[in-house]
Every structure is written in C-alpha cells, then in structure tokens.
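Asker: One file: start.csv (CSV, C-alpha atoms and all ligand atoms).
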```csv
chain,number,residue,atom,x,y,z
A,758,GLU,CA,-168.3,23.7,-58.3
A,759,LYS,CA,-168.4,22.4,-54.7
A,760,LYS,CA,-165.7,23.7,-52.5
A,761,VAL,CA,-163.2,21.8,-50.4
A,762,VAL,CA,-161.9,24.0,-47.6
A,763,LEU,CA,-159.2,23.4,-45.0
A,764,ILE,CA,-159.0,25.7,-42.0
A,765,THR,CA,-156.1,25.9,-39.5
A,766,GLY,CA,-156.7,26.6,-35.8
A,767,CYS,CA,-160.3,25.2,-35.4
A,768,SER,CA,-160.3,24.3,-31.7
A,769,SER,CA,-161.7,27.7,-30.8
A,770,GLY,CA,-162.6,31.2,-32.1
A,771,ILE,CA,-162.9,32.2,-35.7
A,772,GLY,CA,-161.7,28.9,-37.0
A,773,LEU,CA,-164.1,26.9,-35.0
A,774,SER,CA,-167.0,29.2,-35.9
A,775,LEU,CA,-166.3,29.0,-39.6
A,776,ALA,CA,-165.8,25.3,-39.5
A,777,VAL,CA,-169.3,24.9,-37.9
A,778,ARG,CA,-170.9,27.2,-40.4
A,779,LEU,CA,-169.4,25.4,-43.4
A,780,ALA,CA,-170.0,21.9,-42.0
A,781,SER,CA,-173.6,22.7,-41.4
A,782,ASP,CA,-174.2,23.5,-45.0
A,783,THR,CA,-174.6,20.2,-46.7
A,784,SER,CA,-175.2,21.7,-50.1
A,785,LYS,CA,-171.6,22.7,-50.2
A,786,VAL,CA,-168.7,20.4,-49.4
A,787,PHE,CA,-166.5,21.7,-46.6
A,788,LYS,CA,-164.2,19.0,-45.3
A,789,TYR,CA,-161.2,19.7,-43.2
A,790,ALA,CA,-161.0,21.4,-39.9
A,791,THR,CA,-157.5,21.2,-38.5
A,792,MET,CA,-156.2,21.8,-35.0
A,793,ARG,CA,-152.9,21.4,-33.3
A,794,ASN,CA,-154.3,19.3,-30.5
A,795,LEU,CA,-157.0,16.7,-31.4
A,796,ALA,CA,-157.9,16.3,-27.7
A,797,LYS,CA,-159.7,19.6,-28.2
A,798,LYS,CA,-162.0,18.4,-30.9
A,799,GLU,CA,-165.1,17.8,-28.7
A,800,ARG,CA,-166.0,21.4,-28.7
A,801,LEU,CA,-166.2,21.5,-32.5
A,802,LEU,CA,-168.1,18.2,-32.6
A,803,ASP,CA,-170.5,19.5,-30.0
A,804,CYS,CA,-171.2,22.5,-32.1
A,805,VAL,CA,-171.9,20.6,-35.3
A,806,LYS,CA,-173.9,17.7,-33.7
A,807,GLY,CA,-174.6,15.2,-36.4
A,808,LEU,CA,-174.9,17.8,-39.2
A,809,HIS,CA,-171.6,16.9,-40.6
A,810,GLN,CA,-171.6,13.4,-41.9
A,811,ASP,CA,-170.0,14.3,-45.3
A,812,THR,CA,-169.0,17.8,-44.5
A,813,LEU,CA,-166.5,17.6,-41.8
A,814,GLU,CA,-163.3,15.8,-41.1
A,815,ILE,CA,-161.0,16.8,-38.3
A,816,LEU,CA,-157.3,16.6,-38.9
A,817,GLN,CA,-154.3,17.3,-36.7
A,818,MET,CA,-152.1,20.1,-37.9
A,819,ASP,CA,-149.6,22.3,-36.1
A,820,VAL,CA,-148.6,25.1,-38.3
A,821,THR,CA,-145.2,25.2,-36.8
A,822,ASP,CA,-144.6,21.5,-37.7
A,823,ARG,CA,-144.0,21.0,-41.4
A,824,GLN,CA,-144.5,17.3,-41.2
A,825,SER,CA,-147.9,17.7,-39.7
A,826,ILE,CA,-148.9,20.1,-42.5
A,827,LEU,CA,-147.7,17.6,-45.1
A,828,THR,CA,-149.5,14.7,-43.4
A,829,ALA,CA,-152.7,16.7,-43.4
A,830,ARG,CA,-152.3,17.7,-47.0
A,831,ASP,CA,-151.9,14.1,-48.0
A,832,LYS,CA,-155.2,13.3,-46.3
A,833,VAL,CA,-157.1,15.7,-48.6
A,834,VAL,CA,-158.6,13.0,-50.8
A,835,GLU,CA,-160.1,15.5,-53.2
A,836,LYS,CA,-156.6,16.7,-54.0
A,837,ARG,CA,-157.9,20.2,-54.4
A,838,VAL,CA,-158.5,22.6,-51.5
A,839,ASP,CA,-158.9,26.2,-50.5
A,840,ILE,CA,-157.1,26.9,-47.3
A,841,LEU,CA,-157.8,29.4,-44.5
A,842,CYS,CA,-154.6,30.3,-42.6
A,843,ASN,CA,-156.3,31.3,-39.4
A,844,ALA,CA,-154.2,29.9,-36.5
A,845,GLY,CA,-152.6,32.6,-34.5
A,846,VAL,CA,-151.5,33.6,-31.0
A,847,GLY,CA,-151.2,37.0,-29.2
A,848,LEU,CA,-148.6,38.5,-26.9
A,849,MET,CA,-149.4,41.5,-24.7
A,850,GLY,CA,-147.4,43.6,-22.3
A,851,PRO,CA,-144.7,46.2,-22.2
A,852,LEU,CA,-142.0,45.3,-24.7
A,853,GLU,CA,-139.2,45.3,-22.1
A,854,VAL,CA,-140.7,42.3,-20.3
A,855,GLN,CA,-141.2,40.0,-23.3
A,856,SER,CA,-138.9,37.0,-23.3
A,857,LEU,CA,-137.1,35.9,-26.4
A,858,ASP,CA,-138.9,32.6,-26.2
A,859,SER,CA,-142.4,34.1,-26.2
A,860,MET,CA,-141.5,36.5,-28.9
A,861,ARG,CA,-140.1,33.7,-31.0
A,862,HIS,CA,-143.3,31.6,-30.5
A,863,VAL,CA,-145.5,34.4,-31.8
A,864,LEU,CA,-143.4,34.8,-34.9
A,865,GLU,CA,-143.1,31.1,-35.3
A,866,VAL,CA,-146.9,30.6,-35.3
A,867,ASN,CA,-148.2,33.8,-36.9
A,868,LEU,CA,-145.5,34.4,-39.5
A,869,LEU,CA,-143.5,31.3,-40.3
A,870,GLY,CA,-146.4,29.0,-39.5
A,871,THR,CA,-148.7,30.8,-42.0
A,872,ILE,CA,-145.9,31.0,-44.6
A,873,GLN,CA,-145.1,27.3,-44.2
A,874,THR,CA,-148.8,26.4,-44.6
A,875,MET,CA,-148.9,28.4,-47.8
A,876,GLN,CA,-145.7,26.8,-49.1
A,877,VAL,CA,-147.1,23.3,-48.7
A,878,PHE,CA,-150.4,24.0,-50.6
A,879,LEU,CA,-149.3,26.6,-53.1
A,880,SER,CA,-147.7,24.5,-55.8
A,881,GLY,CA,-150.8,22.1,-56.0
A,882,MET,CA,-153.0,25.1,-56.4
A,883,LYS,CA,-150.9,26.6,-59.1
A,884,ALA,CA,-150.7,23.3,-61.0
A,885,GLN,CA,-154.4,22.8,-60.9
A,886,GLY,CA,-155.1,26.4,-61.7
A,887,GLN,CA,-157.5,26.7,-58.8
A,888,GLY,CA,-157.5,27.1,-55.1
A,889,ARG,CA,-157.6,30.0,-52.7
A,890,ILE,CA,-155.6,31.0,-49.7
A,891,LEU,CA,-157.2,33.3,-47.2
A,892,VAL,CA,-154.9,34.7,-44.5
A,893,THR,CA,-156.2,36.1,-41.2
A,894,GLY,CA,-154.5,39.5,-40.9
A,895,SER,CA,-155.4,42.0,-38.2
A,896,THR,CA,-156.1,45.6,-38.6
A,897,GLY,CA,-155.6,45.9,-34.8
A,898,GLY,CA,-152.4,44.0,-35.2
A,899,LEU,CA,-150.9,46.7,-37.4
A,900,HIS,CA,-151.2,49.5,-34.8
A,901,LEU,CA,-151.6,48.4,-31.2
A,902,PRO,CA,-149.4,49.5,-28.4
A,903,PHE,CA,-148.4,46.8,-25.9
A,904,ASN,CA,-148.8,44.3,-28.7
A,905,GLU,CA,-145.6,45.1,-30.6
A,906,VAL,CA,-144.4,41.6,-31.4
A,907,TYR,CA,-147.9,40.4,-32.3
A,908,CYS,CA,-148.1,43.5,-34.6
A,909,ALA,CA,-144.8,42.7,-36.0
A,910,SER,CA,-145.9,39.2,-36.8
A,911,LYS,CA,-149.1,40.4,-38.5
A,912,PHE,CA,-147.3,43.2,-40.2
A,913,ALA,CA,-144.7,40.8,-41.5
A,914,ILE,CA,-147.4,38.4,-42.8
A,915,GLU,CA,-149.0,41.4,-44.6
A,916,GLY,CA,-145.7,42.1,-46.2
A,917,ALA,CA,-145.2,38.5,-47.3
A,918,CYS,CA,-148.8,38.4,-48.7
A,919,GLU,CA,-148.5,41.7,-50.5
A,920,SER,CA,-145.4,40.6,-52.2
A,921,LEU,CA,-146.8,37.2,-53.1
A,922,ALA,CA,-150.0,38.8,-54.4
A,923,VAL,CA,-148.1,40.4,-57.2
A,924,LEU,CA,-147.3,36.9,-58.5
A,925,LEU,CA,-150.5,35.3,-57.5
A,926,GLN,CA,-152.8,37.8,-59.3
A,927,HIS,CA,-152.1,35.5,-62.3
A,928,PHE,CA,-153.5,32.6,-60.3
A,929,ASN,CA,-156.4,34.3,-58.4
A,930,ILE,CA,-155.3,32.7,-55.2
A,931,LEU,CA,-154.6,35.0,-52.3
A,932,SER,CA,-156.7,37.2,-50.0
A,933,LEU,CA,-156.1,38.8,-46.6
A,934,ILE,CA,-158.9,39.1,-44.1
A,935,GLU,CA,-158.3,42.0,-41.8
A,936,CYS,CA,-160.0,41.5,-38.5
A,937,GLY,CA,-160.7,44.1,-35.8
A,938,PRO,CA,-161.6,42.8,-32.3
A,939,VAL,CA,-163.5,39.5,-32.5
A,940,ASN,CA,-165.2,37.5,-29.7
A,941,SER,CA,-163.1,34.4,-29.6
A,942,ASP,CA,-160.7,32.7,-27.2
A,943,PHE,CA,-158.0,35.0,-28.4
A,944,LEU,CA,-157.7,36.9,-25.0
A,945,ILE,CA,-157.8,33.6,-23.1
A,946,ASN,CA,-155.1,32.0,-25.3
A,947,LEU,CA,-153.0,35.2,-25.3
A,948,GLN,CA,-149.7,35.3,-23.4
A,949,LYS,CA,-150.2,38.5,-21.3
A,950,ALA,CA,-148.3,40.4,-18.7
A,951,GLU,CA,-150.7,40.8,-15.7
A,952,LEU,CA,-150.5,43.9,-13.6
A,953,GLY,CA,-149.2,42.1,-10.5
A,954,ASP,CA,-146.5,40.1,-12.3
A,955,SER,CA,-143.0,40.4,-10.8
A,956,SER,CA,-141.6,40.9,-14.3
A,957,LEU,CA,-143.4,44.3,-14.4
A,958,GLN,CA,-141.4,45.6,-11.5
A,959,GLN,CA,-138.6,46.6,-13.9
A,960,VAL,CA,-141.0,48.7,-15.9
A,961,ASP,CA,-141.2,52.5,-15.3
A,962,GLY,CA,-144.3,53.9,-13.6
A,963,ARG,CA,-145.5,56.0,-16.6
A,964,THR,CA,-145.5,53.0,-18.9
A,965,LEU,CA,-147.3,50.9,-16.3
A,966,SER,CA,-150.0,53.4,-15.8
A,967,LEU,CA,-150.5,53.6,-19.6
A,968,TYR,CA,-150.5,49.8,-19.7
A,969,GLU,CA,-153.2,49.7,-17.0
A,970,LYS,CA,-155.3,52.1,-19.1
A,971,TYR,CA,-154.7,50.1,-22.2
A,972,LEU,CA,-155.9,46.9,-20.5
A,973,GLN,CA,-159.1,48.7,-19.4
A,974,HIS,CA,-159.6,49.9,-22.9
A,975,CYS,CA,-159.1,46.5,-24.2
A,976,SER,CA,-161.6,44.8,-22.0
A,977,THR,CA,-164.2,47.5,-22.8
A,978,VAL,CA,-163.6,47.1,-26.5
A,979,PHE,CA,-163.9,43.3,-26.3
A,980,GLN,CA,-167.1,43.7,-24.2
A,981,ASN,CA,-168.8,46.3,-26.3
A,982,ALA,CA,-167.4,46.5,-29.8
A,983,ALA,CA,-166.0,43.1,-30.7
A,984,GLN,CA,-167.6,41.3,-33.6
A,985,ASP,CA,-169.0,37.9,-33.4
A,986,THR,CA,-167.1,35.3,-35.2
A,987,GLU,CA,-170.1,34.8,-37.5
A,988,ASP,CA,-169.7,38.3,-38.9
A,989,ILE,CA,-166.2,37.7,-40.3
A,990,VAL,CA,-166.3,37.8,-44.1
A,991,PHE,CA,-164.3,34.7,-45.1
A,992,LEU,CA,-167.2,33.3,-47.0
A,993,ASP,CA,-167.4,36.2,-49.5
A,994,ALA,CA,-163.8,35.7,-50.3
A,995,ILE,CA,-164.2,32.0,-50.7
A,996,HIS,CA,-167.3,32.2,-53.0
A,997,SER,CA,-166.3,35.3,-55.1
A,998,ALA,CA,-165.2,34.5,-58.6
A,999,SER,CA,-162.6,37.3,-58.4
A,1000,PRO,CA,-161.9,38.0,-54.7
A,1001,ALA,CA,-160.3,41.2,-53.6
A,1002,PHE,CA,-156.8,41.0,-52.2
A,1003,ARG,CA,-157.9,42.7,-48.9
A,1004,TYR,CA,-161.1,42.5,-46.9
A,1005,PHE,CA,-161.8,44.5,-43.8
A,1006,THR,CA,-164.3,43.0,-41.4
A,1007,ASN,CA,-165.3,46.2,-39.7
A,1008,SER,CA,-165.3,49.9,-40.6
A,1009,VAL,CA,-163.2,51.3,-37.7
A,1010,MET,CA,-159.8,50.5,-39.1
A,1011,PRO,CA,-159.8,51.5,-42.8
A,1012,PRO,CA,-159.6,55.3,-42.1
A,1013,LEU,CA,-156.5,54.6,-39.9
A,1014,THR,CA,-155.0,52.5,-42.6
A,1015,LYS,CA,-155.6,55.4,-45.0
A,1016,LEU,CA,-153.8,57.8,-42.7
A,1017,LYS,CA,-150.7,55.8,-42.9
A,1018,VAL,CA,-150.6,56.4,-46.6
A,1019,THR,CA,-151.8,60.0,-46.8
A,1020,GLU,CA,-149.7,61.2,-43.8
A,1021,PRO,CA,-146.5,59.3,-44.4
A,1022,ASP,CA,-144.6,61.0,-41.5
A,1023,GLY,CA,-146.8,58.9,-39.2
A,1024,MET,CA,-147.7,61.6,-36.7
A,1025,GLU,CA,-151.4,61.9,-37.6
A,1026,TYR,CA,-151.8,58.2,-37.5
A,1027,ILE,CA,-150.1,57.8,-34.1
A,1028,LYS,CA,-152.3,60.6,-32.7
A,1029,ALA,CA,-155.4,59.0,-34.1
A,1030,MET,CA,-154.5,55.6,-32.6
A,1031,SER,CA,-153.8,57.2,-29.2
A,1032,LYS,CA,-157.1,58.9,-29.3
A,1033,ILE,CA,-158.9,55.6,-29.9
A,1034,ILE,CA,-157.3,53.7,-27.1
B,1,LIG,P1,-158.4,31.9,-30.8
B,1,LIG,O1,-157.3,31.9,-29.8
B,1,LIG,O2,-159.8,31.5,-30.3
B,1,LIG,O3,-158.1,30.9,-32.0
B,1,LIG,C1,-156.8,30.7,-32.5
B,1,LIG,C2,-156.6,29.3,-32.8
B,1,LIG,O4,-155.2,29.0,-33.3
B,1,LIG,C3,-156.7,28.4,-31.5
B,1,LIG,O5,-157.6,27.4,-31.7
B,1,LIG,C4,-155.3,27.9,-31.3
B,1,LIG,O6,-155.3,26.6,-30.7
B,1,LIG,C5,-154.8,27.8,-32.7
B,1,LIG,N1,-153.3,27.7,-32.8
B,1,LIG,C6,-152.4,28.3,-32.0
B,1,LIG,N2,-151.1,27.9,-32.3
B,1,LIG,C7,-151.3,27.0,-33.3
B,1,LIG,C8,-150.4,26.1,-34.0
B,1,LIG,N3,-149.1,26.2,-33.8
B,1,LIG,N4,-150.9,25.3,-35.0
B,1,LIG,C9,-152.3,25.2,-35.2
B,1,LIG,N5,-153.2,26.0,-34.5
B,1,LIG,C10,-152.7,26.8,-33.6
B,1,LIG,O7,-158.4,33.3,-31.4
B,1,LIG,P2,-159.1,33.8,-32.8
B,1,LIG,O8,-159.5,35.2,-32.5
B,1,LIG,O9,-160.1,32.9,-33.3
B,1,LIG,O10,-157.8,33.9,-33.7
B,1,LIG,C11,-157.8,33.5,-35.1
B,1,LIG,C12,-157.0,34.4,-35.9
B,1,LIG,O11,-157.6,35.7,-35.9
B,1,LIG,C13,-155.6,34.6,-35.4
B,1,LIG,O12,-154.7,34.6,-36.5
B,1,LIG,C14,-155.7,36.0,-34.8
B,1,LIG,O13,-154.4,36.7,-34.8
B,1,LIG,C15,-156.6,36.7,-35.7
B,1,LIG,N6,-157.3,37.9,-35.1
B,1,LIG,C16,-158.1,37.8,-34.0
B,1,LIG,C17,-158.6,38.9,-33.5
B,1,LIG,C18,-159.5,38.9,-32.3
B,1,LIG,O14,-159.8,40.0,-31.7
B,1,LIG,N7,-159.9,37.8,-31.8
B,1,LIG,C19,-158.4,40.2,-34.1
B,1,LIG,C20,-157.6,40.2,-35.2
B,1,LIG,C21,-157.1,39.1,-35.7
```
Please express what this file holds, its structure, as structure tokens.
Ligand code: NAD

Answerer:
Amino acid sequence: EKKVVLITGCSSGIGLSLAVRLASDTSKVFKYATMRNLAKKERLLDCVKGLHQDTLEILQMDVTDRQSILTARDKVVEKRVDILCNAGVGLMGPLEVQSLDSMRHVLEVNLLGTIQTMQVFLSGMKAQGQGRILVTGSTGGLHLPFNEVYCASKFAIEGACESLAVLLQHFNILSLIECGPVNSDFLINLQKAELGDSSLQQVDGRTLSLYEKYLQHCSTVFQNAAQDTEDIVFLDAIHSASPAFRYFTNSVMPPLTKLKVTEPDGMEYIKAMSKII
C-alpha cells in the first residue's frame, strides 16, 4: 500500500533531506513536510524542483504548539499517516552557564514537542490499526559531555518511547532511530556557549580547557566522520513489515550502549566515552 508520511522539522537537515528523497519518488506517496516557519520553505522547494506535484505538501507545524499540530493533522486528507518526529534543537556548553530558559526550550522541543506530536496522531493510528511513528533519538545524545540538557532530553524521549513500546508492540507502531553525528544544520541551529562569551568567565579553568578540547573534537568529528543525511535509515523502518524498535545509523555507538548494560557501575562506559572525545 502507498504510504503517507508526515515529517516534522523539514526546513533543514535530516527532515529536509528525507522529505526531498520521499517527494522525488513518485511511485510512492509521500505528502507532508512540516516546518515551524513556512518562510523557510524555499530551500525545500528548490531541492525538489517540480518533482513533487502529487508527492509533497508543506504544512506549518511547531511541535511546541498543540494547536498547530492539530491543524496540520486535520489537513491530512488521507486520514492515515506515518509520522517522523524529527524536529529537535541542541544546547552546548558547561552546565553552569545554561539559563533556565534555554534549558526549558530544549526540553520543550525535544521531549514535550515529540510526545505531544505522538499524542495527537496516536489514537488515529490505533483506531485504524496502522501507522508508524519514528522518533529521532541520538546515540551521541545519550553520552556527550557539555551537552547535558540535550542528552537529558534525548534520554527522556528514549524512556518515554521504551515505555510506550511495551504497549505499542500490539500495534506495530513505534521505532527509534538513533543517530550519531550527521551533516545537517544542527551545529548552526544549536545554542552554544562560545569560548569568548562573558558567561564563561564564571567557569573554572580546568572545565574551560576541557570544553575547548571538546569543541575541537566536535568540529573534527563533524568534518571527518559525520554521516550524510541520505544515509540515515528511516526508510527501512518505514517500509519494513515488522520494524525493529531501535535502529542505529552508525556502528560507533552500539558498543558504548552495550557497555552501559554489561558494566552497570558506569565506570567503563565513562572511560570509553572520554577516550573517544
Ligand atoms: P537541523 O537543525 O538541521 O534540523 C532540525 C529541524 O528542527 C530544523 O529544521 C528546525 O527548524 C526544526 N525545529 C526546531 N524547533 C522546532 C519546533 N519547535 N517545531 C518544529 N520544528 C522545529 O538538525 P538535524 O540534525 O537535521 O536534526 C534533526 C534531528 O536529528 C533532531 O532531533 C536532532 O536532535 C537529531 N540528531 C541530530 C544529530 C546530528 O549530528 N545532526 C545527531 C543525533 C540526532
């Protein structure tokens, strides 16, 4: 059967790339690319250029605004849809300098926004006995220093999904896609403490020098080892008749994830992560 898919956060990055790929395949029906700010739709339209007559409709949706989610849902004329909860934001810097507002924003978008999007679409999927929810998790997000609140948001969404999955196995609905570093606008859109920022004056020298190292590591990883958005595995999860609950998009992180379970005191895992960064 032809698929109808709705993606959140399509003005850049993984969401945009996936929307372009799906919209360009006219043998399948992809329909709804959503974004918070429709003024940013030109980039997506440029990328699909005329390939998208029946396969793309762009809708406004801010995952932190319940009404906008409901309005977008009501525009799904097919009344059945798979959704990709992809919208997300990052926050980087020593924990001491993060403001309550910026921490709230990350949790608001990554955690509550994702949950709220699932809430709106879930009952329709259950009622129809079909539909799939794919959530963009982050393997990096589970263990990165200087990203504690981002990690907390991704950790929390994992917890919510793991819990929900126990129910949803009866409905075949939910999968998590665990991404490592991906070439997207993530670093551009990220709220980040820059080394010269006055807020960093309150941070001790040792933390600052580790932060500086971390920033270097980060830019090296994004330059050398980040995946292209095309390599992210959402499509397998959409098309599989019985999708796995969790997909990893690269091979670096599964061994670390394993360490968490096999060495529950956490020391091996912390050492392994330190070594990597
Ligand atoms: P990106 O910044 O290019 O894309 C994120 C998109 O989400 C943007 O288009 C942004 O406008 C949108 N967005 C932000 N707040 C929103 C809101 N309230 N409502 C709707 N849309 C909103 O970065 P990306 O890498 O494509 O990120 C997509 C997802 O992948 C995120 O959930 C991110 O946490 C996750 N992820 C990214 C990486 C990476 O290295 N890029 C790694 C692991 C996980």

Asker: Using all atoms listed in the file, determine which residues fall within 6 Å of ligand LIG 1 (chain B), then list them as number ranges by chain.

Answerer: A: 765-772, 792-793, 818-821, 843-846, 866, 893-895, 936-943, 946

Asker: For C-alpha atoms, I'd like the residues from the last selection saved as a PDB file, in the frame of the given file.

Answerer:
```pdb
ATOM      1  CA  THR A 765    -156.100  25.900 -39.500  1.00  0.00           C
ATOM      2  CA  GLY A 766    -156.700  26.600 -35.800  1.00  0.00           C
ATOM      3  CA  CYS A 767    -160.300  25.200 -35.400  1.00  0.00           C
ATOM      4  CA  SER A 768    -160.300  24.300 -31.700  1.00  0.00           C
ATOM      5  CA  SER A 769    -161.700  27.700 -30.800  1.00  0.00           C
ATOM      6  CA  GLY A 770    -162.600  31.200 -32.100  1.00  0.00           C
ATOM      7  CA  ILE A 771    -162.900  32.200 -35.700  1.00  0.00           C
ATOM      8  CA  GLY A 772    -161.700  28.900 -37.000  1.00  0.00           C
ATOM      9  CA  MET A 792    -156.200  21.800 -35.000  1.00  0.00           C
ATOM     10  CA  ARG A 793    -152.900  21.400 -33.300  1.00  0.00           C
ATOM     11  CA  MET A 818    -152.100  20.100 -37.900  1.00  0.00           C
ATOM     12  CA  ASP A 819    -149.600  22.300 -36.100  1.00  0.00           C
ATOM     13  CA  VAL A 820    -148.600  25.100 -38.300  1.00  0.00           C
ATOM     14  CA  THR A 821    -145.200  25.200 -36.800  1.00  0.00           C
ATOM     15  CA  ASN A 843    -156.300  31.300 -39.400  1.00  0.00           C
ATOM     16  CA  ALA A 844    -154.200  29.900 -36.500  1.00  0.00           C
ATOM     17  CA  GLY A 845    -152.600  32.600 -34.500  1.00  0.00           C
ATOM     18  CA  VAL A 846    -151.500  33.600 -31.000  1.00  0.00           C
ATOM     19  CA  VAL A 866    -146.900  30.600 -35.300  1.00  0.00           C
ATOM     20  CA  THR A 893    -156.200  36.100 -41.200  1.00  0.00           C
ATOM     21  CA  GLY A 894    -154.500  39.500 -40.900  1.00  0.00           C
ATOM     22  CA  SER A 895    -155.400  42.000 -38.200  1.00  0.00           C
ATOM     23  CA  CYS A 936    -160.000  41.500 -38.500  1.00  0.00           C
ATOM     24  CA  GLY A 937    -160.700  44.100 -35.800  1.00  0.00           C
ATOM     25  CA  PRO A 938    -161.600  42.800 -32.300  1.00  0.00           C
ATOM     26  CA  VAL A 939    -163.500  39.500 -32.500  1.00  0.00           C
ATOM     27  CA  ASN A 940    -165.200  37.500 -29.700  1.00  0.00           C
ATOM     28  CA  SER A 941    -163.100  34.400 -29.600  1.00  0.00           C
ATOM     29  CA  ASP A 942    -160.700  32.700 -27.200  1.00  0.00           C
ATOM     30  CA  PHE A 943    -158.000  35.000 -28.400  1.00  0.00           C
ATOM     31  CA  ASN A 946    -155.100  32.000 -25.300  1.00  0.00           C
TER      32      ASN A 946
END
```

Asker: Write out as CSV a residue-level contact list of stretch 767-857 of chain A versus stretch 955-974 of chain A with cut-off 9 Å: for each qualifying residue the closest pair of atoms and the distance in Å to one decimal, counting all atoms listed in the file, rows sorted by chain and residue number upward.

Answerer:
```
residue,atom,partner,partner_atom,distance
A:Gly850,CA,A:Tyr968,CA,7.4
A:Pro851,CA,A:Tyr968,CA,7.3
A:Glu853,CA,A:Val960,CA,7.3
A:Val854,CA,A:Ser956,CA,6.2
```

Asker: Quick one: pull the distance between atom CA of A:Leu775 and atom CA of A:Phe928, Å, one decimal.

Answerer: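 Atom-to-atom, atom CA of A:Leu775 to atom CA of A:Phe928, that is 24.6 Å.
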
Asker: Which of these, A:Lys836, A:Arg823, A:Lys760, A:Lys798, has the shortest distance to A:Gly870 once you count only C-alpha atoms?

Answerer: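 Nearest to A:Gly870: A:Arg823.
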
Asker: Find the spatial neighbours of stretch 872-886 of chain A, counting all atoms listed in the file, within a cut-off of 9 Å - ignore same-chain residues fewer than 2 positions away - and output them as a list of chain:residue names.

Answerer: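 Using all atoms listed in the file, the neighbours found are A:Thr765, A:Val820, A:Thr821, A:Asp822, A:Arg823, A:Ile826, A:Leu827, A:Arg830, A:Lys836, A:Arg837, A:Val838, A:Asp839, A:Ile840, A:Cys842, A:Asn867, A:Leu868, A:Leu869, A:Gly870, A:Gly888, A:Arg889, A:Ile890, A:Ile914, A:Ala917, A:Cys918, A:Leu925, A:Phe928, A:Asn929, A:Ile930.
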
Asker: Could you write those residues out with C-alpha atoms, as a short mmCIF file (atom, residue, chain, number, x, y, z; two decimals), in the frame of the given file?

Answerer:
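Result file part_27.cif:
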```cif
data_model
loop_
_atom_site.label_atom_id
_atom_site.label_comp_id
_atom_site.auth_asym_id
_atom_site.auth_seq_id
_atom_site.Cartn_x
_atom_site.Cartn_y
_atom_site.Cartn_z
CA THR A 765 -156.10 25.90 -39.50
CA VAL A 820 -148.60 25.10 -38.30
CA THR A 821 -145.20 25.20 -36.80
CA ASP A 822 -144.60 21.50 -37.70
CA ARG A 823 -144.00 21.00 -41.40
CA ILE A 826 -148.90 20.10 -42.50
CA LEU A 827 -147.70 17.60 -45.10
CA ARG A 830 -152.30 17.70 -47.00
CA LYS A 836 -156.60 16.70 -54.00
CA ARG A 837 -157.90 20.20 -54.40
CA VAL A 838 -158.50 22.60 -51.50
CA ASP A 839 -158.90 26.20 -50.50
CA ILE A 840 -157.10 26.90 -47.30
CA CYS A 842 -154.60 30.30 -42.60
CA ASN A 867 -148.20 33.80 -36.90
CA LEU A 868 -145.50 34.40 -39.50
CA LEU A 869 -143.50 31.30 -40.30
CA GLY A 870 -146.40 29.00 -39.50
CA GLY A 888 -157.50 27.10 -55.10
CA ARG A 889 -157.60 30.00 -52.70
CA ILE A 890 -155.60 31.00 -49.70
CA ILE A 914 -147.40 38.40 -42.80
CA ALA A 917 -145.20 38.50 -47.30
CA CYS A 918 -148.80 38.40 -48.70
CA LEU A 925 -150.50 35.30 -57.50
CA PHE A 928 -153.50 32.60 -60.30
CA ASN A 929 -156.40 34.30 -58.40
CA ILE A 930 -155.30 32.70 -55.20
#
```

Asker: For A:Thr1006, which of A:Leu801, A:Met1024, A:Val1018, A:Ile989 is the closest residue, counting only C-alpha atoms?

Answerer: A:Ile989

Asker: Skipping near chain neighbours, those fewer than 2 positions away, what residues fall within 7 Å of stretch 1009-1013 of chain A using all atoms listed in the file, listed as a compact mmCIF listing (two decimals) with C-alpha atoms, in the coordinates of the input?

Answerer:
```txt
# COMPACT_ATOMS: atom_id res chain seq x y z
CA THR A 896 -156.10 45.60 -38.60
CA ASN A 1007 -165.30 46.20 -39.70
CA LYS A 1015 -155.60 55.40 -45.00
CA LEU A 1016 -153.80 57.80 -42.70
CA LYS A 1017 -150.70 55.80 -42.90
CA TYR A 1026 -151.80 58.20 -37.50
```

Asker: One decimal, Å: what's the distance from atom CA of A:Ala1001 over to atom CA of A:Gln926, could you say?

Answerer: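 Interatomic distance here is 10.0 Å.
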
Asker: Rank A:His900, A:Lys806, A:Leu924, A:Ala994 by their smallest atom-to-atom distance to A:Ile1027, using all atoms listed in the file, and report the top residue only.

Answerer: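 For A:Ile1027, the nearest of the given residues is A:His900.
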
Asker: Rounded to one decimal place, report the atom CA of A:Leu857-atom CA of A:Leu947 distance in Å.

Answerer: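 Calculated distance between atom CA of A:Leu857 and atom CA of A:Leu947 is 16.0 Å.
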
Asker: Counting all atoms listed in the file, figure out which residue out of A:Leu802, A:Leu852, A:Leu931, A:Leu763 gets nearest to A:Leu816.

Answerer: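 Ranking A:Leu802, A:Leu852, A:Leu931, A:Leu763 by distance to A:Leu816, first place goes to A:Leu763.
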
Asker: So, counting all atoms listed in the file, which residue among A:Val761, A:Leu921, A:Cys975, A:Ile1033 is closest to A:Val833?

Answerer: A:Val761

Asker: Considering only C-alpha atoms, state which residue in the set A:Thr783, A:Gln810, A:Val892, A:Phe903 is at the smallest distance from A:Gly916.

Answerer: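 Nearest candidate to A:Gly916 out of A:Thr783, A:Gln810, A:Val892, A:Phe903: A:Val892.
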